[in-house]
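As provided, my_file.cif (mmCIF, C-alpha atoms and all ligand atoms) reads as follows.
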data_input
loop_
_atom_site.label_atom_id
_atom_site.label_comp_id
_atom_site.auth_asym_id
_atom_site.auth_seq_id
_atom_site.Cartn_x
_atom_site.Cartn_y
_atom_site.Cartn_z
CA MET X 260 -5.97 13.96 18.22
CA SER X 261 -5.58 10.28 17.27
CA VAL X 262 -8.25 7.63 17.74
CA GLU X 263 -7.75 4.05 18.90
CA VAL X 264 -8.37 2.17 15.67
CA TYR X 265 -9.60 -1.43 15.49
CA TYR X 266 -6.86 -3.92 14.54
CA GLU X 267 -6.16 -7.64 14.18
CA VAL X 268 -2.77 -9.32 14.60
CA SER X 269 -1.54 -12.68 13.30
CA GLY X 270 1.79 -14.44 12.75
CA PRO X 271 4.73 -15.20 15.05
CA GLU X 272 5.33 -12.75 17.90
CA ASN X 273 8.90 -11.89 16.93
CA GLY X 274 8.36 -11.84 13.16
CA PRO X 275 9.11 -8.65 11.21
CA VAL X 276 6.00 -6.45 11.52
CA VAL X 277 3.97 -5.55 8.45
CA VAL X 278 0.93 -3.29 8.63
CA LEU X 279 -1.83 -3.69 6.03
CA ALA X 280 -3.75 -0.43 5.45
CA GLY X 281 -6.89 -0.64 3.36
CA ALA X 282 -8.91 1.26 0.80
CA LEU X 283 -11.69 3.79 1.21
CA GLY X 284 -14.95 2.01 2.07
CA THR X 285 -13.34 -1.28 3.20
CA ASN X 286 -12.29 -2.98 6.43
CA VAL X 287 -9.65 -5.47 7.62
CA ARG X 288 -11.35 -8.29 5.73
CA MET X 289 -10.11 -6.96 2.39
CA TRP X 290 -6.70 -8.35 3.37
CA ALA X 291 -7.87 -11.88 4.30
CA ALA X 292 -5.80 -13.67 1.63
CA GLN X 293 -2.62 -11.68 2.27
CA ALA X 294 -2.87 -11.83 6.08
CA GLU X 295 -2.97 -15.62 6.09
CA ARG X 296 -0.11 -16.11 3.64
CA LEU X 297 2.16 -13.38 5.06
CA ALA X 298 1.69 -14.76 8.58
CA ALA X 299 2.43 -18.26 7.28
CA ALA X 300 5.70 -16.90 5.84
CA GLY X 301 6.71 -15.70 9.32
CA LEU X 302 5.65 -12.05 9.27
CA ARG X 303 3.81 -10.46 12.18
CA VAL X 304 0.75 -9.08 10.37
CA VAL X 305 -1.19 -6.11 11.74
CA ARG X 306 -4.25 -5.02 9.80
CA TYR X 307 -6.47 -2.20 10.95
CA ASP X 308 -9.54 -0.18 10.02
CA HIS X 309 -9.09 3.51 9.24
CA ARG X 310 -11.10 5.85 11.47
CA GLY X 311 -14.67 6.01 10.24
CA HIS X 312 -14.34 2.49 8.77
CA GLY X 313 -15.09 -1.07 9.92
CA ASP X 314 -14.94 -1.42 13.69
CA SER X 315 -12.88 1.73 14.31
CA PRO X 316 -14.47 4.78 15.92
CA ALA X 317 -15.90 7.40 13.55
CA PRO X 318 -15.25 10.81 15.13
CA PRO X 319 -16.92 13.80 13.46
CA GLY X 320 -15.11 14.81 10.26
CA PRO X 321 -13.82 15.92 7.94
CA TYR X 322 -10.47 14.13 8.33
CA THR X 323 -7.00 14.87 7.00
CA LEU X 324 -4.41 12.40 5.71
CA GLU X 325 -2.17 13.54 8.56
CA GLU X 326 -4.84 12.48 11.09
CA LEU X 327 -5.25 9.08 9.41
CA ALA X 328 -1.47 8.58 9.52
CA GLY X 329 -1.44 9.77 13.15
CA ASP X 330 -3.87 6.98 14.01
CA LEU X 331 -1.42 4.46 12.54
CA VAL X 332 1.49 5.92 14.53
CA ALA X 333 -0.65 5.69 17.69
CA LEU X 334 -1.44 2.06 16.85
CA LEU X 335 2.27 1.24 16.40
CA ASP X 336 2.95 2.90 19.76
CA ARG X 337 0.14 0.93 21.40
CA LEU X 338 1.63 -2.32 20.02
CA ASP X 339 5.15 -1.26 21.03
CA VAL X 340 6.38 -1.47 17.44
CA PRO X 341 9.08 1.12 16.74
CA LYS X 342 9.30 0.40 13.00
CA ALA X 343 7.14 -1.58 10.57
CA SER X 344 6.77 -2.22 6.87
CA ILE X 345 3.59 -0.71 5.47
CA VAL X 346 1.52 -2.27 2.70
CA GLY X 347 -1.20 0.18 1.73
CA LEU X 348 -3.81 -0.04 -0.97
CA SER X 349 -5.34 3.15 -2.35
CA LEU X 350 -6.22 5.26 0.75
CA GLY X 351 -3.93 2.93 2.74
CA GLY X 352 -1.13 3.68 0.27
CA MET X 353 -1.70 7.43 0.74
CA VAL X 354 -1.33 6.95 4.50
CA GLY X 355 1.83 4.90 3.84
CA MET X 356 3.33 7.65 1.65
CA TRP X 357 2.55 10.31 4.26
CA LEU X 358 4.11 8.27 7.05
CA ALA X 359 7.22 7.32 5.06
CA ALA X 360 7.79 10.99 4.23
CA HIS X 361 7.00 12.51 7.63
CA GLU X 362 8.01 9.74 10.07
CA PRO X 363 10.74 7.87 8.15
CA ALA X 364 12.07 6.24 11.32
CA ARG X 365 8.77 4.32 11.66
CA VAL X 366 8.75 2.80 8.14
CA GLU X 367 10.98 -0.16 7.25
CA ARG X 368 9.72 -0.92 3.74
CA LEU X 369 6.80 0.35 1.72
CA VAL X 370 4.45 -1.36 -0.73
CA LEU X 371 2.05 1.02 -2.47
CA CYS X 372 -0.79 -0.84 -4.18
CA CYS X 373 -3.32 0.68 -6.60
CA THR X 374 -2.81 4.15 -5.23
CA SER X 375 -2.19 7.71 -6.26
CA ALA X 376 -0.47 10.80 -4.87
CA LYS X 377 -3.20 12.96 -6.38
CA ILE X 378 -6.65 11.84 -7.55
CA GLY X 379 -8.58 14.74 -8.91
CA PRO X 380 -10.45 16.76 -9.62
CA ALA X 381 -11.14 17.96 -6.07
CA GLN X 382 -14.82 18.41 -6.95
CA LEU X 383 -15.15 14.62 -7.43
CA TRP X 384 -14.42 14.14 -3.71
CA VAL X 385 -16.65 17.04 -2.64
CA ASP X 386 -19.52 15.48 -4.63
CA ARG X 387 -18.77 11.96 -3.35
CA ALA X 388 -18.72 13.13 0.29
CA ARG X 389 -22.02 15.01 -0.18
CA ALA X 390 -23.64 12.00 -1.87
CA ALA X 391 -22.57 9.69 0.99
CA ARG X 392 -24.01 12.05 3.62
CA GLU X 393 -27.22 12.84 1.73
CA SER X 394 -28.06 9.52 0.05
CA GLY X 395 -26.20 6.94 2.16
CA MET X 396 -23.76 4.17 1.26
CA GLU X 397 -26.33 1.97 -0.48
CA ALA X 398 -26.69 4.61 -3.22
CA LEU X 399 -22.92 4.55 -3.90
CA ALA X 400 -22.33 0.81 -3.56
CA ASP X 401 -22.75 -0.44 -7.14
CA ALA X 402 -20.42 2.23 -8.52
CA ALA X 403 -17.81 1.47 -5.84
CA VAL X 404 -17.82 -2.28 -6.53
CA GLY X 405 -17.70 -1.47 -10.26
CA ARG X 406 -14.44 0.42 -9.66
CA TRP X 407 -13.04 -2.25 -7.35
CA LEU X 408 -13.44 -5.33 -9.56
CA SER X 409 -12.88 -6.03 -13.24
CA SER X 410 -15.70 -7.47 -15.33
CA ASN X 411 -14.11 -10.94 -15.03
CA ALA X 412 -14.34 -11.11 -11.24
CA ARG X 413 -16.41 -13.86 -9.63
CA PRO X 414 -19.91 -12.65 -8.59
CA ALA X 415 -19.33 -13.96 -5.03
CA LEU X 416 -16.45 -11.50 -4.66
CA ALA X 417 -18.68 -8.61 -5.65
CA SER X 418 -21.43 -9.43 -3.14
CA GLY X 419 -18.97 -9.75 -0.22
CA LEU X 420 -17.30 -6.44 -1.09
CA ARG X 421 -20.65 -4.71 -1.55
CA ALA X 422 -21.65 -5.72 1.99
CA MET X 423 -18.32 -4.40 3.29
CA PHE X 424 -18.91 -1.08 1.54
CA THR X 425 -22.49 -0.59 2.74
CA ALA X 426 -21.43 -1.42 6.33
CA THR X 427 -19.04 1.57 6.28
CA PRO X 428 -20.47 4.57 8.19
CA ALA X 429 -21.45 7.29 5.66
CA GLU X 430 -19.87 10.01 7.82
CA GLY X 431 -16.57 8.10 8.08
CA TYR X 432 -16.52 7.50 4.32
CA ALA X 433 -17.35 11.13 3.52
CA SER X 434 -14.73 12.41 5.97
CA CYS X 435 -12.05 10.22 4.32
CA CYS X 436 -13.13 11.55 0.89
CA THR X 437 -12.13 14.99 2.19
CA ALA X 438 -8.76 13.61 3.34
CA ILE X 439 -8.16 12.47 -0.25
CA GLU X 440 -9.43 15.77 -1.70
CA THR X 441 -7.05 17.85 0.45
CA MET X 442 -3.95 15.61 0.49
CA THR X 443 -0.64 17.11 -0.57
CA VAL X 444 1.51 14.00 -0.51
CA GLU X 445 2.77 14.46 -4.09
CA ASP X 446 5.41 16.97 -3.03
CA ASP X 447 6.66 14.63 -0.28
CA LEU X 448 7.55 11.70 -2.53
CA PRO X 449 11.22 12.62 -3.31
CA SER X 450 11.99 12.66 0.42
CA ILE X 451 10.90 9.03 0.96
CA THR X 452 13.85 6.80 1.81
CA ALA X 453 12.13 3.48 2.63
CA PRO X 454 12.71 0.86 -0.09
CA THR X 455 9.47 1.08 -2.06
CA LEU X 456 7.54 -1.20 -4.40
CA VAL X 457 4.62 0.27 -6.35
CA ILE X 458 2.01 -2.18 -7.69
CA SER X 459 -0.60 -1.06 -10.22
CA THR X 460 -3.22 -3.07 -12.07
CA LEU X 461 -4.10 -2.85 -15.75
CA GLN X 462 -7.88 -2.65 -15.30
CA ASP X 463 -7.81 -0.05 -12.48
CA GLN X 464 -9.60 3.10 -13.61
CA ALA X 465 -9.65 4.77 -10.18
CA THR X 466 -5.86 4.89 -9.80
CA PRO X 467 -4.59 3.87 -13.24
CA VAL X 468 -1.11 2.58 -14.04
CA ASP X 469 0.21 6.08 -14.86
CA HIS X 470 -0.61 7.21 -11.28
CA GLY X 471 1.54 4.37 -9.93
CA ALA X 472 4.28 5.12 -12.48
CA ARG X 473 4.39 8.76 -11.32
CA ILE X 474 4.83 7.65 -7.71
CA ALA X 475 7.56 5.16 -8.66
CA ALA X 476 9.38 7.84 -10.68
CA ALA X 477 9.28 10.34 -7.79
CA ILE X 478 10.42 8.05 -4.94
CA PRO X 479 14.18 7.47 -5.17
CA GLY X 480 14.97 3.85 -6.08
CA ALA X 481 11.31 2.71 -6.13
CA ARG X 482 10.44 -0.36 -8.22
CA MET X 483 7.19 -0.85 -10.07
CA ALA X 484 5.14 -3.95 -10.96
CA VAL X 485 2.01 -4.09 -13.09
CA VAL X 486 -0.55 -6.86 -12.59
CA ASP X 487 -3.07 -7.94 -15.23
CA GLY X 488 -6.59 -9.22 -14.56
CA ALA X 489 -7.59 -6.88 -11.74
CA ALA X 490 -9.16 -3.48 -11.19
CA HIS X 491 -8.81 -1.23 -8.11
CA LEU X 492 -8.83 -3.90 -5.35
CA GLY X 493 -6.06 -5.79 -7.08
CA ASN X 494 -5.07 -7.73 -3.96
CA VAL X 495 -8.58 -9.22 -3.77
CA GLU X 496 -8.89 -10.13 -7.44
CA GLN X 497 -5.32 -11.41 -7.95
CA PRO X 498 -4.39 -12.45 -4.39
CA ALA X 499 -1.59 -14.89 -5.27
CA GLU X 500 0.28 -12.47 -7.51
CA PHE X 501 -0.05 -9.57 -5.05
CA THR X 502 1.05 -11.71 -2.12
CA ALA X 503 4.09 -13.02 -4.00
CA LEU X 504 5.14 -9.47 -4.97
CA ILE X 505 4.64 -8.22 -1.40
CA LEU X 506 6.62 -11.11 0.11
CA GLU X 507 9.45 -10.69 -2.35
CA HIS X 508 9.72 -7.01 -1.41
CA LEU X 509 9.39 -7.47 2.36
CA LEU X 510 11.69 -10.49 2.63
CA PRO X 511 14.14 -9.82 -0.19
CA SER X 512 16.92 -12.23 0.79
CA ARG X 513 16.73 -15.97 1.37
CA TYR X 514 18.22 -15.34 4.81
CA GLU X 515 15.43 -12.92 5.81
CA ALA X 516 12.72 -15.16 4.36
CA GLY X 517 14.34 -18.16 6.04
CA THR X 518 14.56 -16.50 9.45
CA ALA X 519 10.90 -15.47 9.31
CA MET X 520 9.81 -18.99 8.26
CA ARG X 521 12.03 -20.65 10.87
CA ARG X 522 10.48 -18.47 13.58
CA ALA X 523 6.97 -19.30 12.33
CA VAL X 524 7.61 -23.07 12.36
CA LEU X 525 10.07 -23.62 15.21
CA GLY X 526 9.02 -20.71 17.43
CA ASP X 527 10.83 -17.62 18.65
CA GLU X 528 12.29 -19.29 21.72
CA HIS X 529 14.06 -21.95 19.67
CA VAL X 530 15.42 -19.50 17.09
CA ASP X 531 16.57 -17.00 19.72
CA ARG X 532 18.38 -19.81 21.55
CA ALA X 533 20.00 -21.01 18.31
CA MET X 534 21.20 -17.47 17.57
CA THR X 535 22.65 -16.85 21.01
CA THR X 536 24.43 -20.21 21.25
CA MET X 537 25.83 -19.93 17.71
CA THR X 538 29.64 -19.91 17.47
CA GLU X 539 32.01 -19.20 14.61
CA PHE X 540 32.25 -22.97 14.20
CA THR X 541 28.48 -23.49 13.86
CA LYS X 542 27.59 -20.23 12.05
CA PRO X 543 28.15 -21.49 8.48
CA PHE X 544 25.80 -24.40 9.15
CA GLN X 545 23.18 -22.20 10.84
CA ASP X 546 23.31 -19.82 7.83
CA TYR X 547 23.04 -22.74 5.43
CA THR X 548 19.93 -24.19 7.08
CA THR X 549 18.34 -20.74 7.41
CA GLU X 550 18.89 -19.89 3.75
CA VAL X 551 18.40 -23.30 2.15
CA ALA X 552 16.06 -25.35 4.36
CA TRP X 553 13.90 -22.45 5.59
CA GLY X 554 14.40 -19.66 3.03
CA THR X 555 14.40 -21.81 -0.10
CA VAL X 556 12.41 -25.01 0.47
CA TRP X 557 10.05 -24.45 3.45
CA SER X 558 9.17 -21.02 1.95
CA ARG X 559 8.04 -22.42 -1.39
CA PRO X 560 4.29 -21.99 -2.00
CA GLY X 561 3.87 -25.48 -3.58
CA LEU X 562 3.07 -27.32 -0.32
CA ASP X 563 1.50 -25.93 2.84
CA ARG X 564 3.32 -26.02 6.18
CA ARG X 565 1.13 -28.85 7.49
CA THR X 566 2.11 -31.12 4.61
CA ARG X 567 5.77 -30.21 4.99
CA SER X 568 5.54 -31.21 8.67
CA VAL X 569 4.05 -34.60 7.73
CA ILE X 570 6.96 -35.23 5.34
CA THR X 571 9.51 -34.08 7.92
CA LEU X 572 8.12 -36.32 10.70
CA THR X 573 8.09 -39.26 8.30
CA VAL X 574 11.69 -38.86 7.22
CA LEU X 575 13.02 -38.14 10.73
CA THR X 576 11.26 -41.27 12.00
CA ALA X 577 12.68 -43.40 9.20
CA LEU X 578 16.17 -41.99 9.79
CA ARG X 579 15.81 -42.46 13.55
CA ALA X 580 16.90 -38.83 13.94
CA HIS X 581 15.86 -38.81 17.59
CA GLU X 582 17.49 -35.49 18.49
CA GLU X 583 15.50 -33.68 15.81
CA LEU X 584 12.15 -35.33 16.45
CA PRO X 585 10.93 -33.41 19.54
CA MET X 586 11.53 -30.05 17.79
CA HIS X 587 9.58 -31.24 14.75
CA VAL X 588 6.73 -32.70 16.81
CA ARG X 589 6.35 -29.21 18.35
CA ALA X 590 6.61 -27.71 14.85
CA ALA X 591 3.92 -30.09 13.57
CA VAL X 592 1.57 -28.92 16.31
CA ARG X 593 2.38 -25.28 15.45
CA ASN X 594 1.64 -26.12 11.80
CA GLY X 595 -1.81 -27.41 12.70
CA LEU X 596 -1.45 -31.20 13.17
CA THR X 597 -3.41 -32.72 16.04
CA PRO X 598 -1.85 -35.42 18.30
CA ALA X 599 -4.12 -37.98 16.62
CA GLU X 600 -2.82 -36.97 13.19
CA ILE X 601 0.78 -37.15 14.40
CA ALA X 602 0.11 -40.68 15.68
CA GLU X 603 -1.36 -41.55 12.28
CA VAL X 604 1.79 -40.26 10.52
CA LEU X 605 4.04 -42.38 12.76
CA LEU X 606 1.85 -45.47 12.32
CA HIS X 607 1.92 -45.06 8.56
CA THR X 608 5.70 -44.57 8.62
CA GLY X 609 6.04 -47.80 10.61
CA VAL X 610 4.60 -49.73 7.64
CA TYR X 611 7.42 -48.59 5.38
CA ALA X 612 10.32 -47.80 7.75
CA GLY X 613 9.79 -50.63 10.21
CA VAL X 614 8.25 -51.14 13.64
CA PRO X 615 11.41 -50.37 15.71
CA ALA X 616 11.81 -46.94 14.07
CA ALA X 617 8.14 -46.08 14.60
CA ASN X 618 8.21 -47.45 18.16
CA SER X 619 11.03 -45.05 19.17
CA ALA X 620 9.30 -42.16 17.39
CA PHE X 621 6.02 -42.91 19.22
CA ALA X 622 7.83 -42.77 22.59
CA ILE X 623 9.52 -39.45 21.74
CA ALA X 624 6.36 -37.91 20.30
CA ARG X 625 4.29 -38.96 23.33
CA ARG X 626 6.81 -37.37 25.72
CA THR X 627 6.92 -34.17 23.65
CA LEU X 628 3.13 -33.92 23.39
CA ASP X 629 2.81 -34.52 27.16
CA GLU X 630 5.24 -31.65 27.77
CA LEU X 631 3.18 -29.39 25.50
CA GLY X 632 0.16 -30.23 27.65
O1 LIG X 701 -13.28 4.59 -4.32
C1 LIG X 701 -12.59 4.94 -5.30
O2 LIG X 701 -13.02 5.54 -6.26
C2 LIG X 701 -11.15 4.65 -5.36
C3 LIG X 701 -10.41 5.02 -4.14
C4 LIG X 701 -9.77 6.16 -3.88
C5 LIG X 701 -9.14 6.09 -2.61
C6 LIG X 701 -9.49 4.72 -2.20
O3 LIG X 701 -9.12 4.14 -1.18
O4 LIG X 701 -10.25 4.15 -3.12
#
Structure re-expressed in structure tokens:
Amino acid sequence: MSVEVYYEVSGPENGPVVVLAGALGTNVRMWAAQAERLAAAGLRVVRYDHRGHGDSPAPPGPYTLEELAGDLVALLDRLDVPKASIVGLSLGGMVGMWLAAHEPARVERLVLCCTSAKIGPAQLWVDRARAARESGMEALADAAVGRWLSSNARPALASGLRAMFTATPAEGYASCCTAIETMTVEDDLPSITAPTLVISTLQDQATPVDHGARIAAAIPGARMAVVDGAAHLGNVEQPAEFTALILEHLLPSRYEAGTAMRRAVLGDEHVDRAMTTMTEFTKPFQDYTTEVAWGTVWSRPGLDRRTRSVITLTVLTALRAHEELPMHVRAAVRNGLTPAEIAEVLLHTGVYAGVPAANSAFAIARRTLDELG
């Protein structure tokens, strides 16, 4: 019987869906860095708490991996998502492997971070579950954070993660330990067909690099990446590198990356209209802007979307590109600029591009902002 797990969603409504599934003893906040950046790249990001974790219900245990994966299927059904990419770290990766093997139609692409198809010996999990129930989470917290972070991690990271761990219900944690103890996902790996990326970290002693390598060797066509400077919660300690690897795997072509970014900046309605009104005559140009403007330049990490909107408004004003301006005023608002900041951009542009150019842009921007309400 599945439970209704707690979840958070961000990113454009029609973006490709990616689910972030976390580690034992964590909650949705472990994905803060990835959620923001993946949503900014145009992905619809769903992160959730496993049963017995965070704000999800904690039914009496013990749990099985199949039950944890069943909760994720129920969540996808609730959100009306037939198929999603899964990024799972540790326990989340185990859930991802189970789902990709048993419900392949639900999994688009798979990223398995700092995880293992078998972490033994079984007694370790029996002892860990008993310790959680008998002594509570506080007693296990220092050891957990010691596994999660390398010795070079900032102290502030450790204190935030420690609070996350101790807030996890002991019964939920212990019941998930049993799910890990009893999992049999190793035999399922050769049947996985979703394109898979395995990411391991050099300082991870809980699920070391050879565990990731075994998974990558068993899943047909899987690729493997190894990240330095992080222990078990590699995505927290090396967020930029993890996010870049995840994005590259989830949006492998410039066209896919461009479409997701275009949707995030211009909105679904605009992109859907552009796609349906496209003709053979206009298709090469639509493809060019999707791949080059959106997939190559707007998708670069070097400038945030807000700054790119400021540049775009400036240049369109100077060029008197009046047909393009309303769309980019709406995009600027979507990228976080306030009307007052947009006015400031146009005023500043007037100094360098001339009063008549700025005057027309002010009129267009005012009309567009009035329409937005
Ligand atoms: O807590 C650990 O030791 C490492 C771990 C195993 C499964 C998981 O999610 O974290």
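Where the distance criterion is 6 Å and the atoms used are all atoms listed in the file, the residues close to ligand LIG 701 (chain X) are Ala282, Leu283, Ser349, Leu350, Ala403 and Ala465 of chain X.
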Writing out the chosen residues with C-alpha atoms as a PDB file, keeping the file's coordinate frame:
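What ended up in result-v8.pdb:
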ATOM      1  CA  ALA X 282      -8.910   1.260   0.800  1.00  0.00           C
ATOM      2  CA  LEU X 283     -11.690   3.790   1.210  1.00  0.00           C
ATOM      3  CA  SER X 349      -5.340   3.150  -2.350  1.00  0.00           C
ATOM      4  CA  LEU X 350      -6.220   5.260   0.750  1.00  0.00           C
ATOM      5  CA  ALA X 403     -17.810   1.470  -5.840  1.00  0.00           C
ATOM      6  CA  ALA X 465      -9.650   4.770 -10.180  1.00  0.00           C
TER       7      ALA X 465
END
Centre and size of axis-aligned box enclosing segment 423-440 of chain X plus 3 Å each side, as JSON:
{"center_x": -15.3, "center_y": 5.7, "center_z": 3.2, "size_x": 20.3, "size_y": 26.2, "size_z": 15.9}
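By chain and then residue number, the residues within 8 Å of segment 307-319 of chain X are Val262, Glu263, Val264, Tyr265, Tyr266, Glu267, Val278, Leu279, Ala280, Gly281, Gly284, Thr285, Asn286, Val287, Leu327, Asp330, Ala426, Thr427, Pro428, Glu430, Gly431, Tyr432, Ser434 and Cys435 of chain X, counting only C-alpha atoms and disregarding those fewer than 3 positions away in sequence.
Using all atoms listed in the file, the shortest contact distance between Ser459 of chain X and any of X:Phe501, X:Tyr322, X:Trp553, X:Tyr514 is found at X:Phe501.
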Test item: residues at most 10 Å from Ala580 of chain X, all atoms listed in the file, excluding those fewer than 5 positions along its chain, as a PDB file with C-alpha atoms, in the coordinates of the input:
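Here's the written file out25.pdb:
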ATOM      1  CA  LEU X 572       8.120 -36.320  10.700  1.00  0.00           C
ATOM      2  CA  VAL X 574      11.690 -38.860   7.220  1.00  0.00           C
ATOM      3  CA  LEU X 575      13.020 -38.140  10.730  1.00  0.00           C
ATOM      4  CA  PRO X 585      10.930 -33.410  19.540  1.00  0.00           C
ATOM      5  CA  ALA X 616      11.810 -46.940  14.070  1.00  0.00           C
ATOM      6  CA  ALA X 620       9.300 -42.160  17.390  1.00  0.00           C
TER       7      ALA X 620
END
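When atom CA of Leu371 of chain X is paired with atom CA of Gly347 of chain X, their separation reads 5.4 Å.
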Query raised in the report: What's the 9 Å shell around Thr502 of chain X, counting only C-alpha atoms, without same-chain residues fewer than 6 positions away, as a PyMOL selection string?
Result: chain X and resi 292-293+296-297+494
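Atom CA of Met396 of chain X to atom CA of Ile345 of chain X spans 28.1 Å [interatomic distance, one decimal].
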Residues of segment 589-618 of chain X within 10 Å of segment 526-546 of chain X: nearest atom pair and distance (Å, one decimal) for each, counting all atoms listed in the file, sorted by chain and number, as a Markdown table?
| residue | atom | partner | partner_atom | distance |
| --- | --- | --- | --- | --- |
| X:Arg589 | CA | X:Gly526 | CA | 9.0 |
| X:Ala590 | CA | X:Gly526 | CA | 7.8 |
| X:Arg593 | CA | X:Gly526 | CA | 8.3 |
Please report, as JSON lines, each residue of segment 515-565 of chain X lying at most 9 Å from segment 270-277 of chain X, together with the nearest pair of atoms and the separation in Å rounded to one decimal; use all atoms listed in the file, and order rows by chain and ascending residue number.
{"residue": "X:Thr518", "atom": "CA", "partner": "X:Gly274", "partner_atom": "CA", "distance": 8.6}
{"residue": "X:Ala519", "atom": "CA", "partner": "X:Gly274", "partner_atom": "CA", "distance": 5.9}
{"residue": "X:Met520", "atom": "CA", "partner": "X:Gly274", "partner_atom": "CA", "distance": 8.8}
{"residue": "X:Arg522", "atom": "CA", "partner": "X:Pro271", "partner_atom": "CA", "distance": 6.8}
{"residue": "X:Ala523", "atom": "CA", "partner": "X:Pro271", "partner_atom": "CA", "distance": 5.4}
{"residue": "X:Val524", "atom": "CA", "partner": "X:Pro271", "partner_atom": "CA", "distance": 8.8}
{"residue": "X:Gly526", "atom": "CA", "partner": "X:Pro271", "partner_atom": "CA", "distance": 7.4}
{"residue": "X:Asp527", "atom": "CA", "partner": "X:Asn273", "partner_atom": "CA", "distance": 6.3}
Report task. Quote the spacing between atom CA of Pro449 of chain X and atom CA of Glu515 of chain X in Å to one decimal place. Result -> 27.4 Å
**Report entry** Given only C-alpha atoms as the counted atoms, nearest of X:Gly554, X:Gly613, X:Pro380, X:Gly329 to Leu358 of chain X
**Finding:** X:Gly329
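You can rank X:Asn594, X:Thr566, X:Thr437, X:Gln497 by their closest distance to Gln382 of chain X using only C-alpha atoms, and at the top of that list sits X:Thr437.
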